[in-house]
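Student: Contents are compact mmCIF, C-alpha atoms and all ligand atoms; file name target06.txt:
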```
# COMPACT_ATOMS: atom_id res chain seq x y z
CA MET K 13 99.63 104.69 132.04
CA ARG K 14 98.57 102.21 129.35
CA VAL K 15 101.54 100.44 127.80
CA ARG K 16 101.26 100.49 124.02
CA PRO K 17 102.33 97.31 122.24
CA ALA K 18 105.65 97.64 120.45
CA LEU K 19 105.68 97.98 116.70
CA ARG K 20 106.07 94.50 115.21
CA LEU K 21 108.39 93.65 112.32
CA GLY K 22 107.39 91.00 109.80
CA VAL K 23 110.34 90.00 107.64
CA ASN K 24 109.35 89.09 104.11
CA ILE K 25 111.71 86.44 102.71
CA ASP K 26 110.31 86.14 99.17
CA HIS K 27 113.45 87.35 97.50
CA VAL K 28 115.68 84.75 99.11
CA ALA K 29 113.53 82.35 97.09
CA THR K 30 113.88 84.59 94.01
CA ILE K 31 117.68 84.15 94.15
CA ARG K 32 117.36 80.41 94.78
CA ASN K 33 114.99 80.00 91.86
CA ALA K 34 117.32 81.87 89.50
CA ARG K 35 119.36 78.65 89.41
CA GLY K 36 116.62 76.17 90.25
CA GLY K 37 118.46 74.51 93.16
CA THR K 38 118.05 74.68 96.93
CA HIS K 39 120.44 77.55 97.81
CA PRO K 40 119.87 80.06 99.36
CA ASP K 41 117.22 78.45 101.54
CA PRO K 42 114.37 80.80 102.61
CA VAL K 43 113.83 78.75 105.78
CA ARG K 44 117.44 79.44 106.82
CA SER K 45 116.82 83.16 106.27
CA ALA K 46 113.74 82.89 108.50
CA GLU K 47 115.90 81.28 111.21
CA ILE K 48 118.27 84.26 111.01
CA ALA K 49 115.31 86.67 111.13
CA VAL K 50 114.11 85.00 114.35
CA LEU K 51 117.49 85.65 116.02
CA ALA K 52 117.76 89.19 114.60
CA GLY K 53 114.53 90.32 116.25
CA ALA K 54 111.72 89.72 113.75
CA ASP K 55 108.26 89.26 115.23
CA GLY K 56 106.96 87.28 112.29
CA ILE K 57 107.84 85.83 108.90
CA THR K 58 105.96 86.91 105.80
CA ALA K 59 105.93 85.02 102.51
CA HIS K 60 103.92 85.57 99.35
CA LEU K 61 102.84 82.36 97.64
CA ARG K 62 102.12 83.74 94.19
CA GLU K 63 99.85 81.92 91.80
CA ASP K 64 102.77 81.54 89.35
CA ARG K 65 105.06 80.35 92.22
CA ARG K 66 107.83 82.62 90.93
CA HIS K 67 109.60 82.77 94.30
CA ILE K 68 108.07 81.06 97.38
CA SER K 69 106.91 77.46 96.78
CA ASP K 70 104.27 75.33 98.47
CA ARG K 71 107.08 73.35 100.08
CA ASP K 72 108.59 76.56 101.50
CA ILE K 73 105.25 77.36 103.14
CA GLU K 74 105.00 73.85 104.54
CA ARG K 75 108.55 74.05 105.97
CA LEU K 76 108.10 77.59 107.34
CA SER K 77 104.91 76.48 109.12
CA ARG K 78 106.66 73.47 110.62
CA GLU K 79 110.19 74.69 111.36
CA ILE K 80 109.92 78.38 112.31
CA PRO K 81 108.71 79.33 115.81
CA LEU K 82 107.39 82.76 114.75
CA PRO K 83 103.90 83.51 113.40
CA LEU K 84 103.70 83.05 109.62
CA ASN K 85 101.90 85.67 107.56
CA LEU K 86 100.92 84.16 104.20
CA GLU K 87 100.39 86.74 101.46
CA MET K 88 98.04 85.40 98.82
CA ALA K 89 95.64 86.34 96.03
CA ALA K 90 91.97 86.50 96.99
CA THR K 91 90.97 83.37 95.07
CA PRO K 92 89.27 80.11 96.11
CA ASP K 93 92.37 78.12 95.05
CA MET K 94 94.65 80.14 97.31
CA ALA K 95 92.11 80.00 100.14
CA ALA K 96 92.30 76.19 99.87
CA VAL K 97 96.10 76.37 100.19
CA ALA K 98 95.77 78.60 103.27
CA LEU K 99 93.27 76.23 104.85
CA LYS K 100 95.71 73.37 104.30
CA HIS K 101 98.63 75.11 106.02
CA ARG K 102 96.65 77.22 108.52
CA PRO K 103 99.17 80.04 108.95
CA HIS K 104 98.78 82.47 111.84
CA ALA K 105 97.75 85.18 109.36
CA ALA K 106 96.82 85.65 105.74
CA CYS K 107 97.16 88.92 103.86
CA LEU K 108 95.02 89.18 100.73
CA VAL K 109 96.80 91.03 97.93
CA PRO K 110 95.97 91.84 94.31
CA GLU K 111 97.93 89.76 91.82
CA ARG K 112 98.61 90.18 88.13
CA ARG K 113 100.95 87.76 86.42
CA GLU K 114 102.77 90.38 84.37
CA GLU K 115 103.55 92.64 87.34
CA ARG K 116 107.04 92.76 88.84
CA THR K 117 105.70 93.11 92.38
CA THR K 118 102.39 93.83 94.12
CA GLU K 119 101.55 97.09 92.37
CA GLY K 120 98.77 98.92 94.19
CA GLY K 121 96.33 97.74 96.80
CA LEU K 122 93.40 95.37 96.62
CA ASP K 123 90.17 96.96 95.34
CA VAL K 124 88.03 95.81 98.25
CA ALA K 125 85.34 98.44 97.56
CA GLY K 126 84.89 97.11 94.02
CA GLY K 127 85.27 93.44 94.90
CA LYS K 128 83.27 92.88 98.08
CA ALA K 129 81.28 90.00 96.57
CA ASN K 130 84.46 88.00 95.88
CA ILE K 131 86.54 89.09 98.83
CA GLY K 132 83.87 88.81 101.57
CA PRO K 133 83.41 85.03 101.36
CA ILE K 134 87.18 84.41 101.34
CA VAL K 135 87.65 86.61 104.41
CA ALA K 136 84.84 84.69 106.15
CA LYS K 137 86.30 81.29 105.22
CA LEU K 138 89.77 82.16 106.51
CA ARG K 139 88.43 83.80 109.66
CA ASP K 140 86.27 80.76 110.41
CA ALA K 141 89.46 78.68 110.28
CA GLY K 142 91.03 80.93 112.93
CA ILE K 143 93.38 82.71 110.51
CA ARG K 144 93.89 86.45 111.13
CA VAL K 145 92.98 88.10 107.84
CA SER K 146 94.40 91.35 106.59
CA LEU K 147 93.65 93.19 103.35
CA PHE K 148 96.45 95.00 101.52
CA ILE K 149 94.90 98.33 100.49
CA GLU K 150 95.77 101.84 99.37
CA PRO K 151 95.58 104.45 102.17
CA ASP K 152 92.06 105.42 101.15
CA ARG K 153 88.92 105.87 103.28
CA ARG K 154 86.66 104.05 100.79
CA GLN K 155 88.89 100.96 100.93
CA LEU K 156 89.07 101.12 104.74
CA GLU K 157 85.27 101.22 104.96
CA ALA K 158 84.97 98.32 102.53
CA ALA K 159 87.54 96.30 104.54
CA LYS K 160 85.48 96.87 107.66
CA GLU K 161 82.30 95.92 105.81
CA VAL K 162 83.68 92.55 104.60
CA GLY K 163 84.74 91.72 108.15
CA ALA K 164 88.54 91.96 107.91
CA PRO K 165 90.04 92.67 111.34
CA VAL K 166 93.29 94.03 109.88
CA VAL K 167 94.37 96.17 106.93
CA GLU K 168 97.87 96.63 105.60
CA LEU K 169 98.42 100.07 104.06
CA HIS K 170 100.43 100.01 100.82
CA THR K 171 103.50 102.22 101.28
CA GLY K 172 104.74 101.85 97.68
CA THR K 173 103.66 105.30 96.44
CA TYR K 174 105.04 106.89 99.63
CA CYS K 175 108.44 105.23 99.08
CA GLU K 176 108.56 106.19 95.40
CA ALA K 177 107.75 109.80 96.36
CA PHE K 178 110.78 109.82 98.69
CA LEU K 179 112.99 109.39 95.63
CA ARG K 180 111.06 112.01 93.62
CA ASP K 181 110.54 115.16 95.67
CA PRO K 182 110.01 116.26 99.27
CA ALA K 183 106.54 117.81 98.71
CA ALA K 184 105.18 114.62 97.15
CA PHE K 185 106.77 112.60 99.95
CA GLU K 186 105.10 114.75 102.61
CA HIS K 187 101.77 114.47 100.78
CA GLU K 188 102.02 110.66 100.73
CA ARG K 189 103.15 110.57 104.36
CA GLN K 190 100.05 112.51 105.36
CA ARG K 191 97.82 110.22 103.31
CA LEU K 192 99.21 107.24 105.24
CA ALA K 193 98.88 109.01 108.61
CA VAL K 194 95.25 109.97 107.95
CA ALA K 195 94.37 106.44 106.79
CA ALA K 196 96.09 104.93 109.84
CA ASP K 197 94.04 107.19 112.13
CA GLU K 198 90.77 106.60 110.27
CA GLY K 199 91.22 102.83 110.10
CA SER K 200 92.13 102.65 113.75
CA ALA K 201 89.05 104.72 114.68
CA MET K 202 86.95 102.15 112.74
CA GLY K 203 88.39 99.42 114.97
CA LEU K 204 90.75 97.98 112.36
CA GLU K 205 94.27 96.85 113.27
CA ILE K 206 96.66 98.75 111.03
CA HIS K 207 99.75 97.35 109.33
CA ALA K 208 101.90 98.88 106.59
CA GLY K 209 104.46 97.79 104.06
CA HIS K 210 105.97 97.70 100.59
CA GLY K 211 109.20 99.31 99.49
CA LEU K 212 110.24 100.43 102.98
CA ALA K 213 113.97 101.07 103.48
CA TYR K 214 116.18 102.61 106.18
CA ASP K 215 115.41 106.15 104.99
CA THR K 216 111.62 105.73 104.69
CA VAL K 217 110.79 103.57 107.71
CA GLY K 218 111.03 106.31 110.37
CA PRO K 219 108.00 108.47 109.49
CA VAL K 220 105.81 105.35 109.15
CA ALA K 221 107.06 103.85 112.41
CA ARG K 222 106.14 107.15 114.09
CA MET K 223 102.45 106.63 113.19
CA ARG K 224 101.23 105.21 116.48
CA PRO K 225 98.10 103.39 115.24
CA ILE K 226 100.36 101.16 113.12
CA ALA K 227 101.00 97.83 114.84
CA GLU K 228 103.11 95.99 112.27
CA LEU K 229 105.43 96.65 109.33
CA ASN K 230 106.19 94.04 106.68
CA ILE K 231 109.52 94.56 104.97
CA GLY K 232 111.37 92.35 102.50
CA HIS K 233 113.11 93.48 99.34
CA PHE K 234 115.31 96.14 100.94
CA LEU K 235 116.41 93.84 103.79
CA ILE K 236 117.38 91.01 101.45
CA GLY K 237 119.17 93.44 99.10
CA GLU K 238 121.06 95.10 101.95
CA ALA K 239 122.01 91.65 103.25
CA ILE K 240 124.29 91.28 100.20
CA PHE K 241 126.46 94.02 101.68
CA VAL K 242 126.15 93.62 105.45
CA GLY K 243 124.53 90.22 106.04
CA LEU K 244 120.89 89.49 106.83
CA ASP K 245 121.28 89.56 110.59
CA GLU K 246 122.75 93.07 110.41
CA SER K 247 120.21 94.45 107.92
CA ILE K 248 117.31 93.25 110.07
CA ARG K 249 118.88 94.50 113.31
CA THR K 250 119.48 97.96 111.80
CA MET K 251 115.89 98.17 110.52
CA ARG K 252 114.62 97.06 113.93
CA ARG K 253 116.71 99.74 115.65
CA LEU K 254 115.46 102.48 113.32
CA MET K 255 111.80 101.56 113.67
CA ASP K 256 112.00 101.09 117.44
CA ALA K 257 113.76 104.45 117.86
CA ALA K 258 111.16 106.25 115.73
CA ARG K 259 108.28 104.65 117.63
CA ALA K 260 109.86 105.43 121.02
CA GLU K 261 110.25 109.07 119.92
CA ALA K 262 106.59 109.24 118.86
CA ASP K 263 105.46 107.60 122.10
CA ALA K 264 107.49 110.08 124.15
CA ALA K 265 106.04 113.03 122.18
CA GLY K 266 102.51 111.62 122.52
CA ALA K 267 102.89 111.04 126.24
CA ARG K 268 103.92 114.64 126.93
N1 LIG Y 301 103.38 93.79 102.32
C1 LIG Y 301 102.76 93.22 101.28
C2 LIG Y 301 101.30 92.97 101.37
C3 LIG Y 301 103.48 92.83 100.13
O1 LIG Y 301 102.84 92.27 99.08
C4 LIG Y 301 104.88 93.01 100.11
C5 LIG Y 301 105.68 92.58 98.93
O2 LIG Y 301 105.49 91.23 98.70
C6 LIG Y 301 105.48 93.59 101.23
C7 LIG Y 301 104.71 94.00 102.32
C8 LIG Y 301 106.95 93.80 101.33
O3 LIG Y 301 107.39 94.69 100.36
P1 LIG Y 301 108.94 94.87 100.11
O4 LIG Y 301 109.47 93.54 99.67
O5 LIG Y 301 109.00 95.91 99.04
O6 LIG Y 301 109.55 95.32 101.41
```
I need this file expressed as C-alpha cells, please.

Tutor:
Amino acid sequence: MRVRPALRLGVNIDHVATIRNARGGTHPDPVRSAEIAVLAGADGITAHLREDRRHISDRDIERLSREIPLPLNLEMAATPDMAAVALKHRPHAACLVPERREERTTEGGLDVAGGKANIGPIVAKLRDAGIRVSLFIEPDRRQLEAAKEVGAPVVELHTGTYCEAFLRDPAAFEHERQRLAVAADEGSAMGLEIHAGHGLAYDTVGPVARMRPIAELNIGHFLIGEAIFVGLDESIRTMRRLMDAARAEADAAGAR
C-alpha cells in the first residue's frame, strides 16, 4: 500500500509581530515563536512580508531564514519589488497573495485568471531561483486552471469564506466545505499540489484536514490568539492533534 504523506502544518507567526509592533520594541520576538513552533510539531514557518510592513519586517525574514531549521514560506504580493526581496532571502517557498493597503487581512484570493500577464513572469522568476511557488486562490476551477497555466506547482485554497460560514449557518458551511473539497480534487487532478488556509480554528480544521488531496495547512491568527490563554506550544500541539486525527480518520475510511 502506498503511504500517503502526512498533512503538513505551516505556522504563521505574523501576529506575534503585530503585538510587538503595537509598542515598537522587540518583544514578543517572532523568531522565538518560530522556535516554539519547531518544538511543538510545525512542519514549516509562514510569514507575510506586507508592502506596508505592518507586522513582519525585512529583518524578521532575514533572521527566520538564518535561525530557524524549518522551511520558510514567505507570503508576498505579486510585485517586482517583492520578488526582489524573495530573491534576496531565497526562502524555501513563496506564496503569492493579493494585497490592498486598507484591508485588515488577506481578503479573498489572487485573481490569477485576470492577472496572468503580471503573475506569470513573477512565478517564472521565483521558480528559476529554486523557490517553490504557490498561489493563494479562491476554491474556483477558473483560478485553478489559470494557476496551472502560469506554471505554479502549488495552490493554496482560501478558507476564509468557509470559516465565516461556520459562524453563520450550517447549510452555508456545508456549501463552502463542498466548494473546497471539489477544488482540492480538481486541482490535484490537474497535477497541482494543494494547500489551504486562512481563518482556520479548532472547530473548522477537521473537515479541511479530511480532504486527502490537501498536503499543507497554514494557520496563524487563531493559534497566536489561543496562545494568550494556553501558551503557544499548547495551541500548536492541540491544532496538530486535531488535524492529524481528522486526516487519519479520512485515510482509514479511504483505505477501506
Ligand atoms: N494563508 C495565507 C496565504 C494567508 O495570507 C494567511 C494570512 O496571512 C494565512 C494562510 C493564515 O491565516 P490565519 O492567520 O487567519 O490563520

Student: Quick one: distance from CA of Ala227 (chain K) to CA of Leu19 (chain K) in Å, one decimal?

Tutor: 5.0 Å

Student: Within 9 Å of ligand LIG 301 (chain Y), counting only C-alpha atoms and all ligand atoms: which residues, as a PyMOL selection string?

Tutor: chain K and resi 22-27+58-60+87-88+107-110+117-119+121+146-149+168-172+207-213+229-236

Student: Keeping only C-alpha atoms, write the selected residues to a file as a JSON list (two decimals), keeping the file's coordinate frame.

Tutor:
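Below is the file that was written, again-v9.json:
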```json
[["chain", "number", "residue", "atom", "x", "y", "z"],
["K", 22, "GLY", "CA", 107.39, 91.00, 109.80],
["K", 23, "VAL", "CA", 110.34, 90.00, 107.64],
["K", 24, "ASN", "CA", 109.35, 89.09, 104.11],
["K", 25, "ILE", "CA", 111.71, 86.44, 102.71],
["K", 26, "ASP", "CA", 110.31, 86.14, 99.17],
["K", 27, "HIS", "CA", 113.45, 87.35, 97.50],
["K", 58, "THR", "CA", 105.96, 86.91, 105.80],
["K", 59, "ALA", "CA", 105.93, 85.02, 102.51],
["K", 60, "HIS", "CA", 103.92, 85.57, 99.35],
["K", 87, "GLU", "CA", 100.39, 86.74, 101.46],
["K", 88, "MET", "CA", 98.04, 85.40, 98.82],
["K", 107, "CYS", "CA", 97.16, 88.92, 103.86],
["K", 108, "LEU", "CA", 95.02, 89.18, 100.73],
["K", 109, "VAL", "CA", 96.80, 91.03, 97.93],
["K", 110, "PRO", "CA", 95.97, 91.84, 94.31],
["K", 117, "THR", "CA", 105.70, 93.11, 92.38],
["K", 118, "THR", "CA", 102.39, 93.83, 94.12],
["K", 119, "GLU", "CA", 101.55, 97.09, 92.37],
["K", 121, "GLY", "CA", 96.33, 97.74, 96.80],
["K", 146, "SER", "CA", 94.40, 91.35, 106.59],
["K", 147, "LEU", "CA", 93.65, 93.19, 103.35],
["K", 148, "PHE", "CA", 96.45, 95.00, 101.52],
["K", 149, "ILE", "CA", 94.90, 98.33, 100.49],
["K", 168, "GLU", "CA", 97.87, 96.63, 105.60],
["K", 169, "LEU", "CA", 98.42, 100.07, 104.06],
["K", 170, "HIS", "CA", 100.43, 100.01, 100.82],
["K", 171, "THR", "CA", 103.50, 102.22, 101.28],
["K", 172, "GLY", "CA", 104.74, 101.85, 97.68],
["K", 207, "HIS", "CA", 99.75, 97.35, 109.33],
["K", 208, "ALA", "CA", 101.90, 98.88, 106.59],
["K", 209, "GLY", "CA", 104.46, 97.79, 104.06],
["K", 210, "HIS", "CA", 105.97, 97.70, 100.59],
["K", 211, "GLY", "CA", 109.20, 99.31, 99.49],
["K", 212, "LEU", "CA", 110.24, 100.43, 102.98],
["K", 213, "ALA", "CA", 113.97, 101.07, 103.48],
["K", 229, "LEU", "CA", 105.43, 96.65, 109.33],
["K", 230, "ASN", "CA", 106.19, 94.04, 106.68],
["K", 231, "ILE", "CA", 109.52, 94.56, 104.97],
["K", 232, "GLY", "CA", 111.37, 92.35, 102.50],
["K", 233, "HIS", "CA", 113.11, 93.48, 99.34],
["K", 234, "PHE", "CA", 115.31, 96.14, 100.94],
["K", 235, "LEU", "CA", 116.41, 93.84, 103.79],
["K", 236, "ILE", "CA", 117.38, 91.01, 101.45]]
```

Student: Can you pull out the residues contacting Ala196 (chain K)? Cut-off 7 Å, using all atoms listed in the file, and skip same-chain residues under 2 positions away; I want them as a list of chain:residue names.

Tutor: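 Final neighbour list, sorted by chain and number: K:Leu192, K:Ala193, K:Val194, K:Glu198, K:Gly199, K:Ser200, K:Ile206, K:Pro225, K:Ile226.
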
Student: Restricting it to C-alpha atoms, dump the selection as a PDB file, in the coordinates of the input.

Tutor:
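Final file, result_30.pdb:
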```pdb
ATOM      1  CA  LEU K 192      99.210 107.240 105.240  1.00  0.00           C
ATOM      2  CA  ALA K 193      98.880 109.010 108.610  1.00  0.00           C
ATOM      3  CA  VAL K 194      95.250 109.970 107.950  1.00  0.00           C
ATOM      4  CA  GLU K 198      90.770 106.600 110.270  1.00  0.00           C
ATOM      5  CA  GLY K 199      91.220 102.830 110.100  1.00  0.00           C
ATOM      6  CA  SER K 200      92.130 102.650 113.750  1.00  0.00           C
ATOM      7  CA  ILE K 206      96.660  98.750 111.030  1.00  0.00           C
ATOM      8  CA  PRO K 225      98.100 103.390 115.240  1.00  0.00           C
ATOM      9  CA  ILE K 226     100.360 101.160 113.120  1.00  0.00           C
TER      10      ILE K 226
END
```

Student: Which residues are near Gln190 (chain K)? Cut-off 12 Å, all atoms listed in the file, ignore same chain within fewer than 2 positions. Put them as a PyMOL selection string.

Tutor: chain K and resi 151-152+171+174+183-188+192-197+219-220+222-223

Student: Which residue gives the smallest distance to Val217 (chain K) among K:Val97, K:Ala239, K:Val135, K:Ala258, with all atoms listed in the file counted?

Tutor: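 The shortest atom-to-atom distance to Val217 (chain K) comes from K:Ala258.
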
Student: Using all atoms listed in the file, give me every residue within 9 Å of (119.6, 94.1, 108.9) in file coordinates, as a PyMOL selection string.

Tutor: chain K and resi 49+52+235-236+238-239+242-252
